[in-house]
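Visitor: Pasting data-v2.pdb below, which is PDB, C-alpha atoms, pLDDT in the B column.
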ATOM      1  CA  MET A   1     -43.598 -84.674  10.247  1.00 87.00           C
ATOM      2  CA  PHE A   2     -45.402 -83.450   7.132  1.00 87.00           C
ATOM      3  CA  GLU A   3     -46.554 -80.138   5.709  1.00 87.00           C
ATOM      4  CA  THR A   4     -49.089 -79.174   3.052  1.00 82.00           C
ATOM      5  CA  LEU A   5     -47.907 -78.864  -0.527  1.00 78.00           C
ATOM      6  CA  GLY A   6     -48.564 -75.469  -2.050  1.00 72.00           C
ATOM      7  CA  ASN A   7     -50.879 -72.724  -0.819  1.00 70.00           C
ATOM      8  CA  MET A   8     -54.076 -74.784  -0.815  1.00 67.00           C
ATOM      9  CA  SER A   9     -54.808 -77.454   1.774  1.00 70.00           C
ATOM     10  CA  TRP A  10     -57.041 -79.382  -0.642  1.00 81.00           C
ATOM     11  CA  GLU A  11     -56.354 -80.062  -4.321  1.00 81.00           C
ATOM     12  CA  TRP A  12     -57.883 -82.071  -7.144  1.00 84.00           C
ATOM     13  CA  VAL A  13     -55.494 -84.879  -8.020  1.00 83.00           C
ATOM     14  CA  THR A  14     -55.562 -88.132  -9.960  1.00 86.00           C
ATOM     15  CA  VAL A  15     -54.752 -91.158  -7.803  1.00 85.00           C
ATOM     16  CA  ASP A  16     -55.129 -94.919  -7.832  1.00 86.00           C
ATOM     17  CA  ALA A  17     -58.607 -96.068  -6.851  1.00 84.00           C
ATOM     18  CA  HIS A  18     -58.777 -97.231  -3.237  1.00 83.00           C
ATOM     19  CA  PRO A  19     -59.206-101.039  -3.199  1.00 80.00           C
ATOM     20  CA  PHE A  20     -61.903-100.921  -0.509  1.00 80.00           C
ATOM     21  CA  SER A  21     -63.827 -97.809  -1.624  1.00 78.00           C
ATOM     22  CA  SER A  22     -66.939 -98.576  -3.686  1.00 74.00           C
ATOM     23  CA  SER A  23     -67.250 -94.919  -4.714  1.00 76.00           C
ATOM     24  CA  ASP A  24     -63.750 -95.010  -6.199  1.00 77.00           C
ATOM     25  CA  PHE A  25     -64.575 -98.013  -8.377  1.00 71.00           C
ATOM     26  CA  GLY A  26     -67.697 -96.313  -9.654  1.00 68.00           C
ATOM     27  CA  GLN A  27     -65.732 -93.270 -10.816  1.00 70.00           C
ATOM     28  CA  SER A  28     -62.441 -94.857 -11.827  1.00 64.00           C
ATOM     29  CA  ARG A  29     -61.150 -94.721 -15.365  1.00 69.00           C
ATOM     30  CA  SER A  30     -60.053 -97.666 -17.461  1.00 67.00           C
ATOM     31  CA  ASP A  31     -56.546 -97.407 -15.983  1.00 77.00           C
ATOM     32  CA  GLY A  32     -57.918 -97.790 -12.455  1.00 77.00           C
ATOM     33  CA  ARG A  33     -57.284 -94.176 -11.464  1.00 86.00           C
ATOM     34  CA  VAL A  34     -59.780 -91.678 -10.132  1.00 87.00           C
ATOM     35  CA  ARG A  35     -60.021 -87.894  -9.797  1.00 86.00           C
ATOM     36  CA  LYS A  36     -60.402 -86.854  -6.139  1.00 85.00           C
ATOM     37  CA  GLU A  37     -60.086 -83.789  -3.937  1.00 84.00           C
ATOM     38  CA  LEU A  38     -57.417 -84.618  -1.370  1.00 83.00           C
ATOM     39  CA  SER A  39     -55.186 -82.927   1.122  1.00 83.00           C
ATOM     40  CA  VAL A  40     -51.680 -83.148  -0.345  1.00 80.00           C
ATOM     41  CA  PHE A  41     -48.679 -83.372   1.997  1.00 85.00           C
ATOM     42  CA  ILE A  42     -44.936 -83.515   1.600  1.00 86.00           C
ATOM     43  CA  HIS A  43     -42.211 -84.173   4.150  1.00 89.00           C
ATOM     44  CA  CYS A  44     -41.773 -81.221   6.504  1.00 90.00           C
ATOM     45  CA  MET A  45     -38.617 -79.876   4.929  1.00 89.00           C
ATOM     46  CA  SER A  46     -39.295 -76.377   6.289  1.00 90.00           C
ATOM     47  CA  LEU A  47     -38.537 -77.686   9.785  1.00 92.00           C
ATOM     48  CA  LEU A  48     -35.032 -78.570   8.628  1.00 91.00           C
ATOM     49  CA  ASN A  49     -34.507 -74.932   7.620  1.00 91.00           C
ATOM     50  CA  ARG A  50     -35.232 -73.626  11.101  1.00 91.00           C
ATOM     51  CA  PRO A  51     -32.351 -72.817  13.485  1.00 91.00           C
ATOM     52  CA  GLU A  52     -31.042 -76.079  14.975  1.00 91.00           C
ATOM     53  CA  ARG A  53     -33.668 -77.892  12.847  1.00 92.00           C
ATOM     54  CA  GLY A  54     -36.324 -76.812  15.327  1.00 91.00           C
ATOM     55  CA  GLU A  55     -34.690 -78.701  18.192  1.00 91.00           C
ATOM     56  CA  GLY A  56     -35.653 -77.118  21.499  1.00 85.00           C
ATOM     57  CA  SER A  57     -38.849 -75.605  20.061  1.00 87.00           C
ATOM     58  CA  GLN A  58     -42.360 -76.374  21.268  1.00 85.00           C
ATOM     59  CA  LEU A  59     -44.800 -78.278  19.070  1.00 89.00           C
ATOM     60  CA  ALA A  60     -48.582 -78.202  19.549  1.00 89.00           C
ATOM     61  CA  ILE A  61     -50.513 -81.347  18.610  1.00 90.00           C
ATOM     62  CA  GLY A  62     -54.278 -81.107  18.236  1.00 89.00           C
ATOM     63  CA  GLY A  63     -56.640 -78.230  17.465  1.00 87.00           C
ATOM     64  CA  GLN A  64     -57.083 -74.728  18.822  1.00 84.00           C
ATOM     65  CA  ARG A  65     -59.729 -75.812  21.347  1.00 86.00           C
ATOM     66  CA  ALA A  66     -57.824 -78.850  22.619  1.00 86.00           C
ATOM     67  CA  TYR A  67     -54.107 -79.462  22.175  1.00 85.00           C
ATOM     68  CA  SER A  68     -51.042 -80.805  23.935  1.00 84.00           C
ATOM     69  CA  LEU A  69     -47.584 -79.234  23.989  1.00 84.00           C
ATOM     70  CA  TRP A  70     -44.394 -81.123  23.198  1.00 89.00           C
ATOM     71  CA  ARG A  71     -40.700 -80.227  23.073  1.00 87.00           C
ATOM     72  CA  ILE A  72     -38.666 -81.210  19.999  1.00 91.00           C
ATOM     73  CA  LEU A  73     -35.595 -83.026  21.292  1.00 91.00           C
ATOM     74  CA  GLN A  74     -34.130 -84.228  17.995  1.00 93.00           C
ATOM     75  CA  THR A  75     -34.841 -83.894  14.282  1.00 94.00           C
ATOM     76  CA  GLU A  76     -33.674 -86.447  11.718  1.00 94.00           C
ATOM     77  CA  LEU A  77     -33.957 -87.011   7.968  1.00 92.00           C
ATOM     78  CA  THR A  78     -34.316 -90.732   7.287  1.00 92.00           C
ATOM     79  CA  VAL A  79     -33.010 -92.585   4.226  1.00 92.00           C
ATOM     80  CA  ASN A  80     -36.574 -92.464   2.831  1.00 88.00           C
ATOM     81  CA  ARG A  81     -36.522 -88.655   3.119  1.00 87.00           C
ATOM     82  CA  ASP A  82     -38.980 -88.731   6.025  1.00 91.00           C
ATOM     83  CA  VAL A  83     -38.632 -86.001   8.656  1.00 94.00           C
ATOM     84  CA  LEU A  84     -38.567 -87.786  12.001  1.00 94.00           C
ATOM     85  CA  VAL A  85     -38.748 -85.899  15.289  1.00 94.00           C
ATOM     86  CA  THR A  86     -38.271 -87.122  18.845  1.00 94.00           C
ATOM     87  CA  LEU A  87     -40.628 -85.399  21.288  1.00 91.00           C
ATOM     88  CA  ARG A  88     -40.948 -84.958  25.039  1.00 84.00           C
ATOM     89  CA  ALA A  89     -44.338 -84.184  26.548  1.00 81.00           C
ATOM     90  CA  GLU A  90     -44.569 -80.690  28.031  1.00 78.00           C
ATOM     91  CA  SER A  91     -46.861 -81.619  30.894  1.00 72.00           C
ATOM     92  CA  ALA A  92     -46.851 -80.596  34.537  1.00 68.00           C
ATOM     93  CA  PHE A  93     -47.894 -84.142  35.357  1.00 64.00           C
ATOM     94  CA  GLY A  94     -44.685 -85.952  36.134  1.00 64.00           C
ATOM     95  CA  VAL A  95     -42.967 -82.691  37.072  1.00 77.00           C
ATOM     96  CA  LEU A  96     -45.098 -81.830  40.079  1.00 87.00           C
ATOM     97  CA  PRO A  97     -45.798 -84.844  42.277  1.00 89.00           C
ATOM     98  CA  THR A  98     -49.411 -85.563  43.218  1.00 90.00           C
ATOM     99  CA  LEU A  99     -50.500 -84.090  46.531  1.00 93.00           C
ATOM    100  CA  ASP A 100     -51.312 -86.614  49.273  1.00 94.00           C
ATOM    101  CA  LEU A 101     -54.085 -84.951  51.267  1.00 93.00           C
ATOM    102  CA  SER A 102     -53.875 -87.641  53.935  1.00 94.00           C
ATOM    103  CA  LYS A 103     -50.462 -86.242  54.893  1.00 95.00           C
ATOM    104  CA  ILE A 104     -51.475 -82.569  54.831  1.00 95.00           C
ATOM    105  CA  PRO A 105     -53.152 -80.980  57.884  1.00 93.00           C
ATOM    106  CA  ASP A 106     -56.883 -80.493  57.363  1.00 94.00           C
ATOM    107  CA  ASP A 107     -56.761 -76.719  57.823  1.00 93.00           C
ATOM    108  CA  SER A 108     -54.091 -76.411  55.109  1.00 94.00           C
ATOM    109  CA  GLN A 109     -55.574 -78.647  52.422  1.00 95.00           C
ATOM    110  CA  LYS A 110     -57.788 -76.040  50.737  1.00 96.00           C
ATOM    111  CA  ALA A 111     -55.116 -73.322  50.431  1.00 95.00           C
ATOM    112  CA  LEU A 112     -52.494 -75.809  49.289  1.00 96.00           C
ATOM    113  CA  THR A 113     -54.754 -77.468  46.717  1.00 96.00           C
ATOM    114  CA  GLU A 114     -55.805 -74.131  45.223  1.00 96.00           C
ATOM    115  CA  ALA A 115     -52.199 -72.931  44.911  1.00 96.00           C
ATOM    116  CA  TYR A 116     -51.155 -76.305  43.459  1.00 95.00           C
ATOM    117  CA  ASN A 117     -53.946 -76.214  40.848  1.00 93.00           C
ATOM    118  CA  ARG A 118     -52.940 -72.716  39.761  1.00 94.00           C
ATOM    119  CA  VAL A 119     -49.450 -74.002  38.999  1.00 94.00           C
ATOM    120  CA  MET A 120     -50.877 -76.945  37.073  1.00 90.00           C
ATOM    121  CA  ASN A 121     -53.103 -74.632  35.034  1.00 87.00           C
ATOM    122  CA  VAL A 122     -50.226 -72.454  33.804  1.00 89.00           C
ATOM    123  CA  ALA A 123     -47.410 -75.017  33.517  1.00 86.00           C
ATOM    124  CA  TYR A 124     -46.314 -75.288  29.856  1.00 77.00           C
ATOM    125  CA  ARG A 125     -49.434 -73.384  28.783  1.00 78.00           C
ATOM    126  CA  ASP A 126     -48.783 -69.833  29.934  1.00 84.00           C
ATOM    127  CA  SER A 127     -45.743 -67.563  29.829  1.00 88.00           C
ATOM    128  CA  PRO A 128     -42.594 -68.532  31.758  1.00 90.00           C
ATOM    129  CA  THR A 129     -43.158 -65.510  33.999  1.00 92.00           C
ATOM    130  CA  SER A 130     -46.629 -66.784  34.979  1.00 93.00           C
ATOM    131  CA  VAL A 131     -45.194 -70.226  35.765  1.00 93.00           C
ATOM    132  CA  VAL A 132     -42.505 -68.754  38.026  1.00 94.00           C
ATOM    133  CA  ASP A 133     -45.063 -66.485  39.729  1.00 95.00           C
ATOM    134  CA  GLN A 134     -47.410 -69.367  40.507  1.00 96.00           C
ATOM    135  CA  CYS A 135     -44.548 -71.612  41.639  1.00 96.00           C
ATOM    136  CA  ARG A 136     -43.412 -68.879  44.030  1.00 96.00           C
ATOM    137  CA  ASN A 137     -46.958 -68.546  45.347  1.00 96.00           C
ATOM    138  CA  LEU A 138     -47.211 -72.317  45.891  1.00 97.00           C
ATOM    139  CA  CYS A 139     -43.820 -72.375  47.616  1.00 97.00           C
ATOM    140  CA  ALA A 140     -44.926 -69.562  49.931  1.00 96.00           C
ATOM    141  CA  VAL A 141     -48.132 -71.423  50.782  1.00 96.00           C
ATOM    142  CA  VAL A 142     -46.244 -74.684  51.372  1.00 97.00           C
ATOM    143  CA  GLY A 143     -43.588 -72.980  53.500  1.00 95.00           C
ATOM    144  CA  ALA A 144     -46.120 -71.064  55.596  1.00 95.00           C
ATOM    145  CA  ARG A 145     -48.405 -74.068  56.152  1.00 95.00           C
ATOM    146  CA  TRP A 146     -45.465 -76.316  56.954  1.00 96.00           C
ATOM    147  CA  LEU A 147     -44.260 -73.861  59.586  1.00 94.00           C
ATOM    148  CA  LEU A 148     -47.785 -73.600  61.005  1.00 94.00           C
ATOM    149  CA  HIS A 149     -47.883 -77.393  61.313  1.00 93.00           C
ATOM    150  CA  LEU A 150     -44.471 -77.440  63.019  1.00 93.00           C
ATOM    151  CA  THR A 151     -44.789 -74.451  65.325  1.00 92.00           C
ATOM    152  CA  GLY A 152     -48.496 -73.694  65.652  1.00 90.00           C
ATOM    153  CA  ASP A 153     -47.691 -70.016  65.008  1.00 85.00           C
ATOM    154  CA  LYS A 154     -50.266 -68.526  62.594  1.00 88.00           C
ATOM    155  CA  LYS A 155     -48.025 -65.519  61.954  1.00 86.00           C
ATOM    156  CA  SER A 156     -46.249 -67.570  59.267  1.00 83.00           C
ATOM    157  CA  LEU A 157     -49.432 -67.404  57.162  1.00 87.00           C
ATOM    158  CA  GLU A 158     -48.788 -63.677  56.677  1.00 86.00           C
ATOM    159  CA  ASP A 159     -45.168 -64.085  55.539  1.00 86.00           C
ATOM    160  CA  ASP A 160     -43.938 -63.958  51.964  1.00 92.00           C
ATOM    161  CA  LEU A 161     -41.544 -66.606  50.644  1.00 95.00           C
ATOM    162  CA  GLY A 162     -38.381 -64.814  51.758  1.00 94.00           C
ATOM    163  CA  ALA A 163     -39.615 -64.614  55.335  1.00 94.00           C
ATOM    164  CA  CYS A 164     -40.672 -68.272  55.237  1.00 94.00           C
ATOM    165  CA  ILE A 165     -37.188 -69.322  54.172  1.00 96.00           C
ATOM    166  CA  LYS A 166     -35.669 -67.370  57.066  1.00 95.00           C
ATOM    167  CA  ALA A 167     -38.184 -68.864  59.521  1.00 94.00           C
ATOM    168  CA  ILE A 168     -37.392 -72.403  58.314  1.00 95.00           C
ATOM    169  CA  ARG A 169     -33.681 -71.744  58.883  1.00 96.00           C
ATOM    170  CA  ASP A 170     -34.362 -70.341  62.355  1.00 95.00           C
ATOM    171  CA  TYR A 171     -36.499 -73.349  63.301  1.00 95.00           C
ATOM    172  CA  PHE A 172     -34.242 -76.120  61.998  1.00 95.00           C
ATOM    173  CA  GLY A 173     -30.876 -74.425  62.308  1.00 95.00           C
ATOM    174  CA  GLU A 174     -28.338 -73.525  59.635  1.00 93.00           C
ATOM    175  CA  LYS A 175     -27.237 -77.122  58.909  1.00 92.00           C
ATOM    176  CA  ASN A 176     -30.671 -78.778  58.598  1.00 95.00           C
ATOM    177  CA  GLN A 177     -33.190 -78.727  55.744  1.00 96.00           C
ATOM    178  CA  ARG A 178     -30.605 -76.949  53.592  1.00 96.00           C
ATOM    179  CA  LEU A 179     -31.886 -78.509  50.362  1.00 97.00           C
ATOM    180  CA  VAL A 180     -35.450 -77.420  51.073  1.00 97.00           C
ATOM    181  CA  ARG A 181     -34.248 -73.886  51.735  1.00 97.00           C
ATOM    182  CA  ALA A 182     -32.085 -73.934  48.599  1.00 97.00           C
ATOM    183  CA  ALA A 183     -35.015 -75.060  46.435  1.00 97.00           C
ATOM    184  CA  LEU A 184     -37.288 -72.395  47.908  1.00 97.00           C
ATOM    185  CA  GLU A 185     -34.552 -69.774  47.468  1.00 97.00           C
ATOM    186  CA  THR A 186     -34.116 -70.783  43.822  1.00 97.00           C
ATOM    187  CA  VAL A 187     -37.783 -70.082  43.082  1.00 96.00           C
ATOM    188  CA  ASN A 188     -37.622 -66.866  45.091  1.00 95.00           C
ATOM    189  CA  LEU A 189     -34.577 -65.614  43.157  1.00 93.00           C
ATOM    190  CA  LEU A 190     -36.206 -66.357  39.800  1.00 93.00           C
ATOM    191  CA  HIS A 191     -39.200 -64.188  40.625  1.00 88.00           C
ATOM    192  CA  PRO A 192     -37.576 -60.729  40.101  1.00 85.00           C
ATOM    193  CA  ARG A 193     -36.690 -61.682  36.519  1.00 87.00           C
ATOM    194  CA  GLY A 194     -40.373 -61.321  35.649  1.00 82.00           C
ATOM    195  CA  LYS A 195     -40.537 -57.732  36.931  1.00 80.00           C
ATOM    196  CA  GLU A 196     -39.395 -55.018  34.542  1.00 81.00           C
ATOM    197  CA  ASN A 197     -38.095 -52.666  37.238  1.00 81.00           C
ATOM    198  CA  GLU A 198     -36.276 -55.460  39.057  1.00 78.00           C
ATOM    199  CA  ARG A 199     -34.606 -56.598  35.837  1.00 80.00           C
ATOM    200  CA  GLN A 200     -33.443 -53.068  35.191  1.00 78.00           C
ATOM    201  CA  ARG A 201     -32.237 -52.597  38.757  1.00 80.00           C
ATOM    202  CA  TYR A 202     -30.221 -55.812  38.956  1.00 77.00           C
ATOM    203  CA  GLN A 203     -29.384 -56.166  35.240  1.00 81.00           C
ATOM    204  CA  LEU A 204     -31.197 -59.496  34.950  1.00 83.00           C
ATOM    205  CA  ARG A 205     -32.271 -61.268  31.790  1.00 88.00           C
ATOM    206  CA  GLU A 206     -35.930 -62.067  31.109  1.00 88.00           C
ATOM    207  CA  VAL A 207     -37.515 -65.259  32.391  1.00 87.00           C
ATOM    208  CA  SER A 208     -36.941 -68.152  29.971  1.00 89.00           C
ATOM    209  CA  ASN A 209     -38.659 -71.501  29.465  1.00 86.00           C
ATOM    210  CA  GLU A 210     -35.701 -73.117  31.190  1.00 88.00           C
ATOM    211  CA  ASP A 211     -36.237 -70.855  34.218  1.00 92.00           C
ATOM    212  CA  ALA A 212     -39.882 -71.940  34.359  1.00 91.00           C
ATOM    213  CA  GLU A 213     -38.867 -75.611  34.201  1.00 90.00           C
ATOM    214  CA  LEU A 214     -36.362 -75.050  37.003  1.00 94.00           C
ATOM    215  CA  ALA A 215     -39.064 -73.421  39.144  1.00 95.00           C
ATOM    216  CA  LEU A 216     -41.385 -76.389  38.555  1.00 94.00           C
ATOM    217  CA  HIS A 217     -38.727 -78.946  39.457  1.00 94.00           C
ATOM    218  CA  ALA A 218     -37.681 -76.999  42.566  1.00 96.00           C
ATOM    219  CA  THR A 219     -41.297 -76.721  43.709  1.00 96.00           C
ATOM    220  CA  GLY A 220     -41.859 -80.438  43.172  1.00 95.00           C
ATOM    221  CA  PHE A 221     -38.671 -81.183  45.106  1.00 96.00           C
ATOM    222  CA  VAL A 222     -39.932 -79.220  48.113  1.00 97.00           C
ATOM    223  CA  LEU A 223     -43.235 -81.121  48.150  1.00 96.00           C
ATOM    224  CA  LYS A 224     -41.349 -84.431  48.074  1.00 95.00           C
ATOM    225  CA  GLU A 225     -38.879 -83.430  50.775  1.00 96.00           C
ATOM    226  CA  ILE A 226     -41.500 -82.396  53.306  1.00 96.00           C
ATOM    227  CA  GLY A 227     -43.584 -85.494  52.553  1.00 95.00           C
ATOM    228  CA  TRP A 228     -46.795 -83.879  51.345  1.00 95.00           C
ATOM    229  CA  CYS A 229     -47.023 -85.837  48.093  1.00 91.00           C
ATOM    230  CA  ARG A 230     -47.370 -89.400  46.886  1.00 86.00           C
TER     231      ARG A 230
END
In structure tokens, what does this structure look like?
Guide:
Amino acid sequence: MFETLGNMSWEWVTVDAHPFSSSDFGQSRSDGRVRKELSVFIHCMSLLNRPERGEGSQLAIGGQRAYSLWRILQTELTVNRDVLVTLRAESAFGVLPTLDLSKIPDDSQKALTEAYNRVMNVAYRDSPTSVVDQCRNLCAVVGARWLLHLTGDKKSLEDDLGACIKAIRDYFGEKNQRLVRAALETVNLLHPRGKENERQRYQLREVSNEDAELALHATGFVLKEIGWCR
């Protein structure tokens, strides 16, 4: 990791002529050095001054129009005074399994795909509250469509996630599909943390990045358990 030196990104400096640059040789002095406008960098020492050396923070790589998000797992200062960071990709790919449309009933594919894509669009890009909201919506769609496939009762399509969880328990019994219900309940319980009045009522903390990650993993777990993914 590097950072610019000083307030200006570009500075006039005297450097050794580049061995493969014809323009450098034409302008070089007798000592083989040339005056050039360059972007001057130093090791990113400011990162070391952040709390926990920036570990746990997000890092954007790229430009404003196109970038990827990464999580800083570890920050080190090497013997050469280089600032070395270990990163983990903040991507929904690998968190949410890929849908397998061949395993999903035809009349449920459109609704499920749209809800799935909304999660993918906000994961690690939008606020944690948005991620939890979209995960809850996807879980409700999955639960309702799964029940429709099992029972043929279209009433499940009108139920919210809480009602879907209860209907799954009623259909399978208390001792079956407990992990699916627990994963759905986890996402459902995270949802009130994003509502100001609910937080005040139940004395909850605000939704964190870790909560959003938990919602993503729980949602992916449900898709794997019911067999609607690759």
Visitor: Step by step, work through what the PyMOL selection byres ((chain A and resi 127) around 12) selects in the shown file, and finish by giving those residues as a ChimeraX atom specification.
Guide: /A:119,121-126,128-134,194,206-213
Visitor: Using the chain letters and numbers from the file, which residues does the PyMOL selection byres ((chain A and resi 179) around 12) grab, as an mmCIF file with C-alpha atoms, in the frame of the given file?
Guide:
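The new file selection-v3.cif reads:
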data_model
loop_
_atom_site.group_PDB
_atom_site.id
_atom_site.type_symbol
_atom_site.label_atom_id
_atom_site.label_comp_id
_atom_site.auth_asym_id
_atom_site.auth_seq_id
_atom_site.Cartn_x
_atom_site.Cartn_y
_atom_site.Cartn_z
ATOM 1 C CA ILE A 165 -37.188 -69.322 54.172
ATOM 2 C CA ILE A 168 -37.392 -72.403 58.314
ATOM 3 C CA ARG A 169 -33.681 -71.744 58.883
ATOM 4 C CA GLU A 174 -28.338 -73.525 59.635
ATOM 5 C CA LYS A 175 -27.237 -77.122 58.909
ATOM 6 C CA ASN A 176 -30.671 -78.778 58.598
ATOM 7 C CA GLN A 177 -33.190 -78.727 55.744
ATOM 8 C CA ARG A 178 -30.605 -76.949 53.592
ATOM 9 C CA VAL A 180 -35.450 -77.420 51.073
ATOM 10 C CA ARG A 181 -34.248 -73.886 51.735
ATOM 11 C CA ALA A 182 -32.085 -73.934 48.599
ATOM 12 C CA ALA A 183 -35.015 -75.060 46.435
ATOM 13 C CA LEU A 184 -37.288 -72.395 47.908
ATOM 14 C CA GLU A 185 -34.552 -69.774 47.468
ATOM 15 C CA THR A 186 -34.116 -70.783 43.822
ATOM 16 C CA ALA A 218 -37.681 -76.999 42.566
ATOM 17 C CA THR A 219 -41.297 -76.721 43.709
ATOM 18 C CA PHE A 221 -38.671 -81.183 45.106
ATOM 19 C CA VAL A 222 -39.932 -79.220 48.113
ATOM 20 C CA LEU A 223 -43.235 -81.121 48.150
ATOM 21 C CA LYS A 224 -41.349 -84.431 48.074
ATOM 22 C CA GLU A 225 -38.879 -83.430 50.775
ATOM 23 C CA ILE A 226 -41.500 -82.396 53.306
#
Visitor: Neighbours of Thr75 (chain A) within 8 Å (all atoms listed in the file; same-chain residues fewer than 4 positions away dropped), as a list of chain:residue names?
Guide: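 Selected residues are A:Leu48, A:Arg53, A:Gly54, A:Glu55, A:Val83, A:Leu84, A:Val85, A:Thr86.
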Visitor: May I ask for the distance between CA of Ala215 (chain A) and CA of Pro51 (chain A), given in Å to one decimal place?
Guide: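 We find that CA of Ala215 (chain A) and CA of Pro51 (chain A) lie 26.5 Å from each other.
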Visitor: To verify the selection step, state as a list of chain:residue names which residues the PyMOL selection byres ((chain A and resi 16-18) around 12) yields on this input.
Guide: A:Val13, A:Thr14, A:Val15, A:Pro19, A:Phe20, A:Ser21, A:Ser22, A:Ser23, A:Asp24, A:Phe25, A:Gly26, A:Gln27, A:Ser28, A:Arg29, A:Ser30, A:Asp31, A:Gly32, A:Arg33, A:Val34, A:Arg35, A:Lys36
Visitor: Excluding Asp100 (chain A) and residues on its chain fewer than 6 positions from it, collect all residues at most 7 Å away from it, counting only C-alpha atoms, and give them as an MDAnalysis selection string.
Guide: chainID A and resid 228:230
Visitor: Have a look at A:Ala89, A:Ala115, A:Met1, A:Leu214 and name the one nearest to Glu76 (chain A); count all atoms listed in the file.
Guide: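 So, comparing all the options, the nearest one is A:Met1.
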Visitor: As an exercise, work out the distance from CA of Ser91 (chain A) to CA of Met120 (chain A) in Å and give it to one decimal place.
Guide: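 Result for CA of Ser91 (chain A) versus CA of Met120 (chain A): 8.7 Å, one decimal.
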Visitor: To one decimal place in Å, what is the distance between CA of Gln58 (chain A) and CA of Gln74 (chain A)?
Guide: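 Between these atoms lies a distance of 11.8 Å.
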Visitor: Take the point (-56.8, -78.9, 2.3) in the file's coordinates, draw a sphere of radius 7 Å around it, and report as an MDAnalysis selection string every protein, DNA or RNA residue with an atom inside or on it, counting only C-alpha atoms.
Guide: chainID A and resid 8:11 38:39
Visitor: Restrict the selected residues to C-alpha atoms and save them as a compact mmCIF listing (two decimals), in the frame of the given file.
Guide:
# COMPACT_ATOMS: atom_id res chain seq x y z
CA MET A 8 -54.08 -74.78 -0.82
CA SER A 9 -54.81 -77.45 1.77
CA TRP A 10 -57.04 -79.38 -0.64
CA GLU A 11 -56.35 -80.06 -4.32
CA LEU A 38 -57.42 -84.62 -1.37
CA SER A 39 -55.19 -82.93 1.12
Visitor: Can you pull out every residue within 12 Å of Ser156 (chain A), counting only C-alpha atoms, but drop anything in the same chain fewer than 6 positions away, and send it as a PDB file with C-alpha atoms, in the coordinates of the input?
Guide:
ATOM      1  CA  ALA A 140     -44.926 -69.562  49.931  1.00 96.00           C
ATOM      2  CA  VAL A 141     -48.132 -71.423  50.782  1.00 96.00           C
ATOM      3  CA  VAL A 142     -46.244 -74.684  51.372  1.00 97.00           C
ATOM      4  CA  GLY A 143     -43.588 -72.980  53.500  1.00 95.00           C
ATOM      5  CA  ALA A 144     -46.120 -71.064  55.596  1.00 95.00           C
ATOM      6  CA  ARG A 145     -48.405 -74.068  56.152  1.00 95.00           C
ATOM      7  CA  TRP A 146     -45.465 -76.316  56.954  1.00 96.00           C
ATOM      8  CA  LEU A 147     -44.260 -73.861  59.586  1.00 94.00           C
ATOM      9  CA  LEU A 148     -47.785 -73.600  61.005  1.00 94.00           C
ATOM     10  CA  HIS A 149     -47.883 -77.393  61.313  1.00 93.00           C
ATOM     11  CA  LEU A 150     -44.471 -77.440  63.019  1.00 93.00           C
ATOM     12  CA  GLY A 162     -38.381 -64.814  51.758  1.00 94.00           C
ATOM     13  CA  ALA A 163     -39.615 -64.614  55.335  1.00 94.00           C
ATOM     14  CA  CYS A 164     -40.672 -68.272  55.237  1.00 94.00           C
ATOM     15  CA  ILE A 165     -37.188 -69.322  54.172  1.00 96.00           C
ATOM     16  CA  LYS A 166     -35.669 -67.370  57.066  1.00 95.00           C
ATOM     17  CA  ALA A 167     -38.184 -68.864  59.521  1.00 94.00           C
ATOM     18  CA  ILE A 168     -37.392 -72.403  58.314  1.00 95.00           C
TER      19      ILE A 168
END
Visitor: From the options A:Ser57, A:Asn49, A:Ser102, A:Ser108, which residue's atoms come nearest to Arg88 (chain A), counting all atoms listed in the file?
Guide: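 The answer is A:Ser57, which sits nearest to Arg88 (chain A).
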Visitor: What residues have an atom no more than 12 Å from (-37.8, -59.1, 41.6) in the file's own frame, counting only C-alpha atoms, and can you write them as a list in words?
Guide: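 Residues with an atom close enough to that point: Thr129, Val132, Asp133, Arg136, Gly162, Val187, Asn188, Leu189, Leu190, His191, Pro192, Arg193, Gly194, Lys195, Glu196, Asn197, Glu198, Arg199, Gln200, Arg201, Tyr202, Gln203, Leu204, Arg205, Glu206 and Val207 of chain A.
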Visitor: As a ChimeraX atom specification, please: the residues near Val95 (chain A) (cut-off 8 Å, all atoms listed in the file, same-chain neighbours under 6 positions excluded).
Guide: /A:216-217,220
Visitor: Let me know the centre plus edge lengths, in Å and rounded to one decimal, of a box with edges along x, y and z that contains all listed atoms of region 81-97 of chain A and is padded by 4 Å on every side, as JSON.
Guide:
{"center_x": -42.2, "center_y": -84.7, "center_z": 22.7, "size_x": 19.4, "size_y": 16.1, "size_z": 47.2}
